[in-house]
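*Asks:* So here's query_0.cif (mmCIF, N, CA and C atoms).
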```cif
data_coords
#
loop_
_atom_site.label_atom_id
_atom_site.label_comp_id
_atom_site.auth_asym_id
_atom_site.auth_seq_id
_atom_site.Cartn_x
_atom_site.Cartn_y
_atom_site.Cartn_z
N ALA C 525 13.27 2.42 -1.04
CA ALA C 525 12.84 3.78 -0.82
C ALA C 525 13.45 4.77 -1.81
N PRO C 526 14.70 4.62 -2.23
CA PRO C 526 15.25 5.59 -3.18
C PRO C 526 14.57 5.54 -4.55
N ILE C 527 13.89 4.45 -4.85
CA ILE C 527 13.29 4.28 -6.17
C ILE C 527 11.90 4.90 -6.25
N LEU C 528 11.26 5.16 -5.12
CA LEU C 528 9.88 5.66 -5.13
C LEU C 528 9.70 6.92 -5.97
N PRO C 529 10.55 7.95 -5.86
CA PRO C 529 10.35 9.13 -6.71
C PRO C 529 10.37 8.79 -8.20
N ASP C 530 11.24 7.87 -8.61
CA ASP C 530 11.29 7.47 -10.02
C ASP C 530 10.03 6.71 -10.42
N LEU C 531 9.49 5.91 -9.51
CA LEU C 531 8.26 5.19 -9.81
C LEU C 531 7.09 6.16 -9.98
N LEU C 532 7.04 7.17 -9.12
CA LEU C 532 5.96 8.16 -9.24
C LEU C 532 6.10 8.98 -10.52
N ASP C 533 7.33 9.19 -10.97
CA ASP C 533 7.55 9.93 -12.21
C ASP C 533 7.07 9.15 -13.43
N GLN C 534 6.95 7.84 -13.32
CA GLN C 534 6.47 7.04 -14.44
C GLN C 534 4.97 7.22 -14.67
N ILE C 535 4.27 7.66 -13.64
CA ILE C 535 2.83 7.92 -13.78
C ILE C 535 2.68 9.30 -14.41
N PRO C 536 1.89 9.41 -15.50
CA PRO C 536 1.75 10.72 -16.15
C PRO C 536 1.30 11.80 -15.18
N SER C 537 1.82 12.99 -15.34
CA SER C 537 1.54 14.07 -14.39
C SER C 537 0.08 14.53 -14.43
N ASP C 538 -0.63 14.25 -15.53
CA ASP C 538 -2.04 14.65 -15.58
C ASP C 538 -2.96 13.65 -14.87
N GLU C 539 -2.43 12.49 -14.48
CA GLU C 539 -3.21 11.52 -13.71
C GLU C 539 -3.08 11.84 -12.23
N GLU C 540 -4.22 11.84 -11.56
CA GLU C 540 -4.24 12.16 -10.13
C GLU C 540 -3.93 10.91 -9.31
N ILE C 541 -3.10 11.09 -8.29
CA ILE C 541 -2.78 10.01 -7.35
C ILE C 541 -3.45 10.38 -6.03
N GLY C 542 -4.33 9.49 -5.54
CA GLY C 542 -5.04 9.77 -4.30
C GLY C 542 -4.17 9.55 -3.07
N SER C 543 -3.51 8.40 -3.02
CA SER C 543 -2.67 8.10 -1.86
C SER C 543 -1.58 7.10 -2.27
N VAL C 544 -0.52 7.11 -1.49
CA VAL C 544 0.58 6.16 -1.66
C VAL C 544 0.75 5.45 -0.33
N THR C 545 0.61 4.13 -0.35
CA THR C 545 0.75 3.34 0.86
C THR C 545 2.04 2.55 0.80
N ALA C 546 2.82 2.62 1.84
CA ALA C 546 4.10 1.91 1.89
C ALA C 546 4.42 1.57 3.34
N ASP C 547 5.40 0.71 3.54
CA ASP C 547 5.78 0.36 4.91
C ASP C 547 6.78 1.36 5.47
N GLY C 548 7.22 1.13 6.69
CA GLY C 548 8.07 2.08 7.40
C GLY C 548 9.41 2.36 6.75
N ALA C 549 9.87 1.50 5.86
CA ALA C 549 11.15 1.73 5.19
C ALA C 549 11.08 2.97 4.28
N TYR C 550 9.86 3.35 3.89
CA TYR C 550 9.68 4.51 3.01
C TYR C 550 9.47 5.80 3.79
N ASP C 551 9.68 5.78 5.09
CA ASP C 551 9.53 6.97 5.93
C ASP C 551 10.80 7.82 5.82
N THR C 552 11.04 8.36 4.63
CA THR C 552 12.21 9.20 4.38
C THR C 552 11.75 10.53 3.80
N ARG C 553 12.63 11.52 3.89
CA ARG C 553 12.30 12.85 3.37
C ARG C 553 12.03 12.83 1.86
N LYS C 554 12.87 12.11 1.12
CA LYS C 554 12.70 12.07 -0.33
C LYS C 554 11.35 11.47 -0.71
N CYS C 555 10.96 10.40 -0.06
CA CYS C 555 9.67 9.77 -0.36
C CYS C 555 8.51 10.70 -0.05
N HIS C 556 8.54 11.31 1.13
CA HIS C 556 7.46 12.22 1.51
C HIS C 556 7.40 13.43 0.58
N GLU C 557 8.55 13.93 0.17
CA GLU C 557 8.58 15.08 -0.74
C GLU C 557 8.02 14.71 -2.10
N ALA C 558 8.39 13.52 -2.61
CA ALA C 558 7.89 13.08 -3.92
C ALA C 558 6.38 12.88 -3.89
N ILE C 559 5.87 12.34 -2.79
CA ILE C 559 4.43 12.11 -2.67
C ILE C 559 3.70 13.45 -2.56
N ALA C 560 4.23 14.38 -1.76
CA ALA C 560 3.61 15.69 -1.60
C ALA C 560 3.65 16.49 -2.90
N ALA C 561 4.70 16.29 -3.70
CA ALA C 561 4.80 17.00 -4.98
C ALA C 561 3.69 16.57 -5.94
N ARG C 562 3.19 15.35 -5.78
CA ARG C 562 2.10 14.86 -6.63
C ARG C 562 0.74 15.10 -5.98
N CYS C 563 0.70 15.85 -4.88
CA CYS C 563 -0.54 16.17 -4.15
C CYS C 563 -1.29 14.91 -3.71
N ALA C 564 -0.54 13.91 -3.28
CA ALA C 564 -1.13 12.67 -2.80
C ALA C 564 -0.94 12.55 -1.30
N ALA C 565 -1.75 11.72 -0.70
CA ALA C 565 -1.64 11.46 0.74
C ALA C 565 -0.66 10.31 0.95
N ALA C 566 0.28 10.49 1.87
CA ALA C 566 1.25 9.45 2.19
C ALA C 566 0.74 8.64 3.38
N ILE C 567 0.46 7.37 3.14
CA ILE C 567 0.03 6.48 4.22
C ILE C 567 1.22 5.58 4.54
N ILE C 568 2.12 6.16 5.31
CA ILE C 568 3.36 5.49 5.68
C ILE C 568 3.48 5.58 7.20
N PRO C 569 3.56 4.44 7.89
CA PRO C 569 3.67 4.52 9.34
C PRO C 569 5.03 5.08 9.75
N PRO C 570 5.04 6.04 10.66
CA PRO C 570 6.33 6.54 11.15
C PRO C 570 7.06 5.43 11.91
N ARG C 571 8.36 5.50 11.88
CA ARG C 571 9.15 4.50 12.60
C ARG C 571 8.90 4.63 14.10
N LYS C 572 9.20 3.58 14.83
CA LYS C 572 8.89 3.58 16.27
C LYS C 572 9.64 4.67 17.04
N ASN C 573 10.86 4.97 16.62
CA ASN C 573 11.65 5.99 17.31
C ASN C 573 11.62 7.32 16.55
N ALA C 574 10.56 7.57 15.78
CA ALA C 574 10.49 8.76 14.93
C ALA C 574 10.37 10.03 15.76
N ASN C 575 11.04 11.06 15.29
CA ASN C 575 10.93 12.39 15.87
C ASN C 575 10.36 13.32 14.81
N PRO C 576 9.69 14.38 15.23
CA PRO C 576 9.14 15.32 14.23
C PRO C 576 10.26 15.97 13.42
N TRP C 577 9.95 16.26 12.15
CA TRP C 577 10.87 16.98 11.28
C TRP C 577 10.56 18.46 11.33
N LYS C 578 11.52 19.28 10.97
CA LYS C 578 11.26 20.71 10.87
C LYS C 578 10.24 20.93 9.75
N PRO C 579 9.18 21.65 10.03
CA PRO C 579 8.12 21.83 9.02
C PRO C 579 8.53 22.81 7.92
N THR C 580 9.48 22.42 7.11
CA THR C 580 9.98 23.30 6.06
C THR C 580 9.38 23.00 4.70
N SER C 581 8.63 21.90 4.58
CA SER C 581 8.06 21.53 3.29
C SER C 581 6.73 20.81 3.51
N PRO C 582 5.91 20.71 2.45
CA PRO C 582 4.62 20.01 2.59
C PRO C 582 4.77 18.55 3.01
N GLY C 583 5.81 17.88 2.51
CA GLY C 583 6.03 16.49 2.89
C GLY C 583 6.33 16.34 4.37
N ALA C 584 7.14 17.24 4.90
CA ALA C 584 7.49 17.19 6.33
C ALA C 584 6.27 17.49 7.20
N ILE C 585 5.45 18.42 6.76
CA ILE C 585 4.24 18.77 7.53
C ILE C 585 3.28 17.59 7.57
N ALA C 586 3.07 16.94 6.42
CA ALA C 586 2.17 15.78 6.38
C ALA C 586 2.72 14.64 7.22
N ARG C 587 4.02 14.44 7.20
CA ARG C 587 4.62 13.37 7.98
C ARG C 587 4.50 13.65 9.48
N ASN C 588 4.67 14.92 9.87
CA ASN C 588 4.52 15.28 11.28
C ASN C 588 3.08 15.06 11.75
N GLU C 589 2.11 15.33 10.88
CA GLU C 589 0.71 15.08 11.24
C GLU C 589 0.46 13.58 11.44
N ALA C 590 1.04 12.75 10.56
CA ALA C 590 0.89 11.30 10.71
C ALA C 590 1.56 10.82 12.00
N LEU C 591 2.72 11.39 12.32
CA LEU C 591 3.42 11.03 13.56
C LEU C 591 2.59 11.42 14.77
N ARG C 592 2.04 12.62 14.74
CA ARG C 592 1.22 13.10 15.85
C ARG C 592 -0.03 12.22 16.02
N ALA C 593 -0.69 11.88 14.91
CA ALA C 593 -1.88 11.03 14.99
C ALA C 593 -1.53 9.63 15.48
N SER C 594 -0.39 9.10 15.02
CA SER C 594 0.04 7.78 15.44
C SER C 594 0.31 7.73 16.94
N LYS C 595 0.93 8.78 17.46
CA LYS C 595 1.21 8.81 18.90
C LYS C 595 -0.06 9.04 19.71
N TYR C 596 -0.98 9.85 19.18
CA TYR C 596 -2.21 10.16 19.91
C TYR C 596 -3.16 8.97 19.93
N LEU C 597 -3.35 8.34 18.77
CA LEU C 597 -4.30 7.24 18.66
C LEU C 597 -3.71 5.89 19.05
N GLY C 598 -2.41 5.76 18.93
CA GLY C 598 -1.76 4.46 19.08
C GLY C 598 -1.58 3.86 17.69
N ARG C 599 -0.57 3.03 17.53
CA ARG C 599 -0.25 2.52 16.20
C ARG C 599 -1.36 1.65 15.60
N ALA C 600 -1.98 0.80 16.42
CA ALA C 600 -3.01 -0.10 15.91
C ALA C 600 -4.23 0.68 15.40
N ILE C 601 -4.68 1.64 16.18
CA ILE C 601 -5.85 2.43 15.76
C ILE C 601 -5.48 3.31 14.58
N TRP C 602 -4.26 3.85 14.56
CA TRP C 602 -3.84 4.68 13.42
C TRP C 602 -3.87 3.88 12.12
N ARG C 603 -3.44 2.63 12.17
CA ARG C 603 -3.43 1.80 10.97
C ARG C 603 -4.84 1.61 10.42
N ARG C 604 -5.81 1.38 11.29
CA ARG C 604 -7.21 1.24 10.86
C ARG C 604 -7.74 2.58 10.35
N TRP C 605 -7.49 3.63 11.10
CA TRP C 605 -8.01 4.95 10.77
C TRP C 605 -7.46 5.46 9.44
N SER C 606 -6.19 5.21 9.17
CA SER C 606 -5.57 5.72 7.95
C SER C 606 -5.81 4.81 6.75
N GLY C 607 -6.25 3.58 6.97
CA GLY C 607 -6.43 2.65 5.87
C GLY C 607 -5.20 1.81 5.58
N TYR C 608 -4.20 1.89 6.45
CA TYR C 608 -2.96 1.15 6.26
C TYR C 608 -3.17 -0.35 6.29
N HIS C 609 -4.22 -0.82 7.01
CA HIS C 609 -4.47 -2.25 7.13
C HIS C 609 -4.77 -2.90 5.77
N ARG C 610 -5.22 -2.10 4.79
CA ARG C 610 -5.50 -2.64 3.46
C ARG C 610 -4.23 -3.19 2.81
N ARG C 611 -3.08 -2.59 3.12
CA ARG C 611 -1.81 -3.02 2.55
C ARG C 611 -1.51 -4.47 2.90
N SER C 612 -1.74 -4.85 4.16
CA SER C 612 -1.46 -6.24 4.56
C SER C 612 -2.43 -7.20 3.89
N ARG C 613 -3.66 -6.77 3.65
CA ARG C 613 -4.61 -7.63 2.95
C ARG C 613 -4.15 -7.88 1.51
N VAL C 614 -3.66 -6.85 0.87
CA VAL C 614 -3.16 -6.99 -0.50
C VAL C 614 -1.95 -7.90 -0.52
N GLU C 615 -1.05 -7.74 0.45
CA GLU C 615 0.14 -8.60 0.51
C GLU C 615 -0.24 -10.07 0.69
N SER C 616 -1.23 -10.35 1.53
CA SER C 616 -1.61 -11.74 1.74
C SER C 616 -2.27 -12.32 0.49
N LYS C 617 -3.05 -11.53 -0.24
CA LYS C 617 -3.64 -12.01 -1.49
C LYS C 617 -2.56 -12.26 -2.54
N MET C 618 -1.57 -11.39 -2.62
CA MET C 618 -0.48 -11.61 -3.58
C MET C 618 0.28 -12.89 -3.23
N ASN C 619 0.43 -13.18 -1.95
CA ASN C 619 1.09 -14.42 -1.54
C ASN C 619 0.26 -15.63 -1.99
N CYS C 620 -1.07 -15.52 -1.88
CA CYS C 620 -1.93 -16.61 -2.35
C CYS C 620 -1.78 -16.83 -3.85
N ILE C 621 -1.70 -15.75 -4.61
CA ILE C 621 -1.51 -15.87 -6.06
C ILE C 621 -0.19 -16.54 -6.36
N LYS C 622 0.85 -16.22 -5.61
CA LYS C 622 2.16 -16.83 -5.82
C LYS C 622 2.13 -18.32 -5.49
N LEU C 623 1.27 -18.72 -4.54
CA LEU C 623 1.18 -20.14 -4.20
C LEU C 623 0.61 -20.96 -5.35
N LEU C 624 -0.14 -20.32 -6.24
CA LEU C 624 -0.68 -21.01 -7.41
C LEU C 624 0.37 -21.19 -8.50
N GLY C 625 1.53 -20.66 -8.31
CA GLY C 625 2.62 -20.81 -9.27
C GLY C 625 3.46 -19.56 -9.29
N GLN C 626 4.77 -19.72 -9.29
CA GLN C 626 5.67 -18.57 -9.23
C GLN C 626 5.76 -17.83 -10.56
N SER C 627 5.56 -18.53 -11.66
CA SER C 627 5.70 -17.88 -12.96
C SER C 627 4.52 -18.23 -13.84
N LEU C 628 4.34 -17.44 -14.87
CA LEU C 628 3.27 -17.69 -15.82
C LEU C 628 3.75 -18.69 -16.87
N MET C 629 2.85 -19.53 -17.31
CA MET C 629 3.20 -20.54 -18.32
C MET C 629 3.10 -19.97 -19.73
N ALA C 630 2.12 -19.10 -19.94
CA ALA C 630 1.90 -18.57 -21.28
C ALA C 630 3.00 -17.58 -21.65
N ARG C 631 3.28 -17.49 -22.95
CA ARG C 631 4.30 -16.56 -23.43
C ARG C 631 3.69 -15.32 -24.06
N ASP C 632 2.49 -15.47 -24.61
CA ASP C 632 1.80 -14.36 -25.24
C ASP C 632 1.16 -13.49 -24.15
N PHE C 633 1.21 -12.16 -24.32
CA PHE C 633 0.71 -11.26 -23.28
C PHE C 633 -0.78 -11.47 -23.01
N ASP C 634 -1.59 -11.60 -24.06
CA ASP C 634 -3.04 -11.79 -23.86
C ASP C 634 -3.33 -13.08 -23.11
N ARG C 635 -2.56 -14.11 -23.38
CA ARG C 635 -2.75 -15.37 -22.68
C ARG C 635 -2.26 -15.28 -21.23
N GLN C 636 -1.24 -14.47 -21.00
CA GLN C 636 -0.80 -14.25 -19.62
C GLN C 636 -1.89 -13.55 -18.82
N VAL C 637 -2.53 -12.57 -19.45
CA VAL C 637 -3.64 -11.88 -18.78
C VAL C 637 -4.75 -12.87 -18.45
N ALA C 638 -5.09 -13.73 -19.42
CA ALA C 638 -6.13 -14.74 -19.19
C ALA C 638 -5.72 -15.70 -18.07
N GLU C 639 -4.45 -16.07 -18.03
CA GLU C 639 -3.96 -16.98 -16.98
C GLU C 639 -4.10 -16.35 -15.60
N LEU C 640 -3.77 -15.07 -15.49
CA LEU C 640 -3.92 -14.38 -14.21
C LEU C 640 -5.39 -14.25 -13.83
N GLN C 641 -6.26 -14.01 -14.80
CA GLN C 641 -7.69 -13.91 -14.51
C GLN C 641 -8.24 -15.24 -14.00
N VAL C 642 -7.75 -16.35 -14.55
CA VAL C 642 -8.18 -17.67 -14.07
C VAL C 642 -7.70 -17.88 -12.63
N ARG C 643 -6.46 -17.51 -12.34
CA ARG C 643 -5.94 -17.65 -10.97
C ARG C 643 -6.77 -16.82 -9.99
N ILE C 644 -7.10 -15.62 -10.38
CA ILE C 644 -7.89 -14.75 -9.51
C ILE C 644 -9.29 -15.32 -9.31
N ALA C 645 -9.88 -15.88 -10.37
CA ALA C 645 -11.20 -16.50 -10.24
C ALA C 645 -11.15 -17.68 -9.26
N VAL C 646 -10.07 -18.46 -9.32
CA VAL C 646 -9.91 -19.58 -8.38
C VAL C 646 -9.82 -19.06 -6.95
N LEU C 647 -9.01 -18.00 -6.73
CA LEU C 647 -8.90 -17.43 -5.39
C LEU C 647 -10.22 -16.87 -4.90
N ASN C 648 -10.95 -16.19 -5.78
CA ASN C 648 -12.26 -15.65 -5.39
C ASN C 648 -13.22 -16.77 -5.02
N GLY C 649 -13.13 -17.90 -5.72
CA GLY C 649 -13.96 -19.05 -5.37
C GLY C 649 -13.64 -19.59 -3.99
N TYR C 650 -12.35 -19.70 -3.67
CA TYR C 650 -11.95 -20.16 -2.34
C TYR C 650 -12.36 -19.16 -1.26
N THR C 651 -12.24 -17.89 -1.57
CA THR C 651 -12.65 -16.87 -0.60
C THR C 651 -14.14 -16.95 -0.34
N ALA C 652 -14.93 -17.16 -1.40
CA ALA C 652 -16.38 -17.26 -1.23
C ALA C 652 -16.76 -18.46 -0.37
N LEU C 653 -15.99 -19.55 -0.47
CA LEU C 653 -16.28 -20.72 0.35
C LEU C 653 -16.06 -20.46 1.83
N GLY C 654 -15.12 -19.56 2.14
CA GLY C 654 -14.78 -19.30 3.53
C GLY C 654 -15.60 -18.21 4.19
N VAL C 655 -16.47 -17.54 3.43
CA VAL C 655 -17.27 -16.46 3.99
C VAL C 655 -18.49 -17.06 4.70
N PRO C 656 -18.69 -16.76 5.97
CA PRO C 656 -19.84 -17.34 6.67
C PRO C 656 -21.15 -16.73 6.19
N MET C 657 -22.18 -17.55 6.16
CA MET C 657 -23.51 -17.07 5.79
C MET C 657 -24.33 -17.05 7.07
N THR C 658 -24.87 -15.87 7.40
CA THR C 658 -25.68 -15.75 8.60
C THR C 658 -27.15 -15.66 8.19
N VAL C 659 -27.98 -16.35 8.92
CA VAL C 659 -29.40 -16.39 8.63
C VAL C 659 -30.14 -16.07 9.93
N ALA C 660 -31.13 -15.20 9.82
CA ALA C 660 -31.93 -14.86 10.99
C ALA C 660 -32.84 -16.04 11.33
N VAL C 661 -32.86 -16.40 12.62
CA VAL C 661 -33.70 -17.50 13.07
C VAL C 661 -34.82 -16.91 13.90
N GLY C 662 -36.00 -17.36 13.62
CA GLY C 662 -36.99 -16.83 14.50
C GLY C 662 -38.34 -16.86 14.05
#
```
What is this structure when it is put down as structure tokens?

*Replies:*
Amino acid sequence: APILPDLLDQIPSDEEIGSVTADGAYDTRKCHEAIAARCAAAIIPPRKNANPWKPTSPGAIARNEALRASKYLGRAIWRRWSGYHRRSRVESKMNCIKLLGQSLMARDFDRQVAELQVRIAVLNGYTALGVPMTVAVG
């Protein structure tokens, strides 16, 4: 969590950031302030024992709204409504990529890119095999 502001600073200020998705460990004032300073939406689930913050800054106000919505809708519905569920999908896909090998074999950058593209093509092929095909009968 302390590194998030530095990571956001690496993105050029003229590039727009739509949202920042992170897990509950990033539910800190510094993270919310850094995200609000870039005019982005923070999709960070409040901790289970979270209390509202004093609304003294845009980050605190946005976090209080997320806390209020989470308590009103329930955590499961809030995750779907906010788009937080996409984070777990990305994590599971990254785990699949790691299962194809922990490190890249190629040393040249262009060949590393090609190697990753081949791995992704293999994963997309496996995903396509698992998608059910429905046909109307009648």

*Asks:* Which residues fall under the PyMOL selection byres ((chain C and resi 570) around 8) in this file, as a list in words?

*Replies:*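 Evaluating the PyMOL selection byres ((chain C and resi 570) around 8) on this file yields Asp547, Gly548, Ala549, Asp551, Ile567, Ile568, Pro569, Arg571, Lys572, Asn573, Ala574, Asn575, Arg587, Ala590, Leu591 and Ser594 of chain C.
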
*Asks:* Between C:Cys620, C:Gln626, C:Ile559, C:Phe633, which has the minimum distance to Thr651 of chain C (counting only C-alpha atoms)?

*Replies:* C:Cys620

*Asks:* I need the residue nearest Arg611 of chain C from this list: C:Val642, C:Gly649, C:Ala546, C:Arg635. Use all atoms listed in the file for the distance.

*Replies:*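 Result for the nearest residue to Arg611 of chain C: C:Ala546.
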
*Asks:* Please identify the alpha helix (DSSP H) residues within chain C (assignment by DSSP from backbone atoms) and present them as a PyMOL selection string.

*Replies:* chain C and resi 528-534+553-561+582-597+599-606+609-623+633-654

*Asks:* If we count all atoms listed in the file and set the cut-off at 7 Å, which residues sit around Cys563 of chain C, ignoring sequence neighbours fewer than 6 positions away in its own chain? Please answer as a list in words.

*Replies:* Ile541, Gly542 and Ser543 of chain C

*Asks:* For Leu647 of chain C, work out the shell of residues within 12 Å, counting only C-alpha atoms and skipping chain neighbours fewer than 6 positions away, then give it as a list in words.

*Replies:*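 The neighbour list is Ser616, Lys617, Met618, Asn619, Cys620, Ile621, Lys622, Leu623, Leu624, Leu640, Gln641, Leu653 and Gly654 of chain C.
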
*Asks:* Take the residues just selected and output them with N, CA and C atoms as an mmCIF file, in the frame of the given file.

*Replies:*
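The result, stored in result.cif:
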```cif
data_model
loop_
_atom_site.group_PDB
_atom_site.id
_atom_site.type_symbol
_atom_site.label_atom_id
_atom_site.label_comp_id
_atom_site.auth_asym_id
_atom_site.auth_seq_id
_atom_site.Cartn_x
_atom_site.Cartn_y
_atom_site.Cartn_z
ATOM 1 N N SER C 616 -1.230 -10.350 1.530
ATOM 2 C CA SER C 616 -1.610 -11.740 1.740
ATOM 3 C C SER C 616 -2.270 -12.320 0.490
ATOM 4 N N LYS C 617 -3.050 -11.530 -0.240
ATOM 5 C CA LYS C 617 -3.640 -12.010 -1.490
ATOM 6 C C LYS C 617 -2.560 -12.260 -2.540
ATOM 7 N N MET C 618 -1.570 -11.390 -2.620
ATOM 8 C CA MET C 618 -0.480 -11.610 -3.580
ATOM 9 C C MET C 618 0.280 -12.890 -3.230
ATOM 10 N N ASN C 619 0.430 -13.180 -1.950
ATOM 11 C CA ASN C 619 1.090 -14.420 -1.540
ATOM 12 C C ASN C 619 0.260 -15.630 -1.990
ATOM 13 N N CYS C 620 -1.070 -15.520 -1.880
ATOM 14 C CA CYS C 620 -1.930 -16.610 -2.350
ATOM 15 C C CYS C 620 -1.780 -16.830 -3.850
ATOM 16 N N ILE C 621 -1.700 -15.750 -4.610
ATOM 17 C CA ILE C 621 -1.510 -15.870 -6.060
ATOM 18 C C ILE C 621 -0.190 -16.540 -6.360
ATOM 19 N N LYS C 622 0.850 -16.220 -5.610
ATOM 20 C CA LYS C 622 2.160 -16.830 -5.820
ATOM 21 C C LYS C 622 2.130 -18.320 -5.490
ATOM 22 N N LEU C 623 1.270 -18.720 -4.540
ATOM 23 C CA LEU C 623 1.180 -20.140 -4.200
ATOM 24 C C LEU C 623 0.610 -20.960 -5.350
ATOM 25 N N LEU C 624 -0.140 -20.320 -6.240
ATOM 26 C CA LEU C 624 -0.680 -21.010 -7.410
ATOM 27 C C LEU C 624 0.370 -21.190 -8.500
ATOM 28 N N LEU C 640 -3.770 -15.070 -15.490
ATOM 29 C CA LEU C 640 -3.920 -14.380 -14.210
ATOM 30 C C LEU C 640 -5.390 -14.250 -13.830
ATOM 31 N N GLN C 641 -6.260 -14.010 -14.800
ATOM 32 C CA GLN C 641 -7.690 -13.910 -14.510
ATOM 33 C C GLN C 641 -8.240 -15.240 -14.000
ATOM 34 N N LEU C 653 -15.990 -19.550 -0.470
ATOM 35 C CA LEU C 653 -16.280 -20.720 0.350
ATOM 36 C C LEU C 653 -16.060 -20.460 1.830
ATOM 37 N N GLY C 654 -15.120 -19.560 2.140
ATOM 38 C CA GLY C 654 -14.780 -19.300 3.530
ATOM 39 C C GLY C 654 -15.600 -18.210 4.190
#
```

*Asks:* One decimal, Å: what's the distance from atom C of Glu539 of chain C over to atom C of His556 of chain C, could you say?

*Replies:*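 Between atom C of Glu539 of chain C and atom C of His556 of chain C the gap works out to 16.6 Å.
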
*Asks:* Work out how far atom C of Ala566 of chain C is from atom C of Arg599 of chain C, in Å to one decimal.

*Replies:*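 Taking atom C of Arg599 of chain C and atom C of Ala566 of chain C, their separation equals 14.2 Å.
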
*Asks:* Enumerate as a ChimeraX atom specification all residues of chain C assigned to strand (DSSP E) by DSSP on the backbone, naming them with the chain letters and numbers the document uses.

*Replies:* /C:543-545,565-567

*Asks:* Save segment 611-626 of chain C to a file: C-alpha atoms, as a PDB file, in the first residue's frame.

*Replies:*
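decode-v2.pdb written:
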```pdb
ATOM      1  CA  ARG C 611      -9.917  -8.320 -10.219  1.00  0.00           C
ATOM      2  CA  SER C 612     -10.302 -11.964  -9.186  1.00  0.00           C
ATOM      3  CA  ARG C 613     -10.758 -12.990 -12.816  1.00  0.00           C
ATOM      4  CA  VAL C 614      -7.502 -11.268 -13.736  1.00  0.00           C
ATOM      5  CA  GLU C 615      -5.715 -12.922 -10.805  1.00  0.00           C
ATOM      6  CA  SER C 616      -6.886 -16.375 -11.857  1.00  0.00           C
ATOM      7  CA  LYS C 617      -5.752 -15.786 -15.459  1.00  0.00           C
ATOM      8  CA  MET C 618      -2.339 -14.601 -14.253  1.00  0.00           C
ATOM      9  CA  ASN C 619      -2.081 -17.797 -12.200  1.00  0.00           C
ATOM     10  CA  CYS C 620      -2.818 -19.818 -15.348  1.00  0.00           C
ATOM     11  CA  ILE C 621      -0.060 -17.975 -17.211  1.00  0.00           C
ATOM     12  CA  LYS C 622       2.353 -18.757 -14.377  1.00  0.00           C
ATOM     13  CA  LEU C 623       1.431 -22.445 -14.615  1.00  0.00           C
ATOM     14  CA  LEU C 624       2.814 -22.430 -18.167  1.00  0.00           C
ATOM     15  CA  GLY C 625       6.203 -21.488 -16.736  1.00  0.00           C
ATOM     16  CA  GLN C 626       7.514 -19.196 -14.030  1.00  0.00           C
TER      17      GLN C 626
END
```
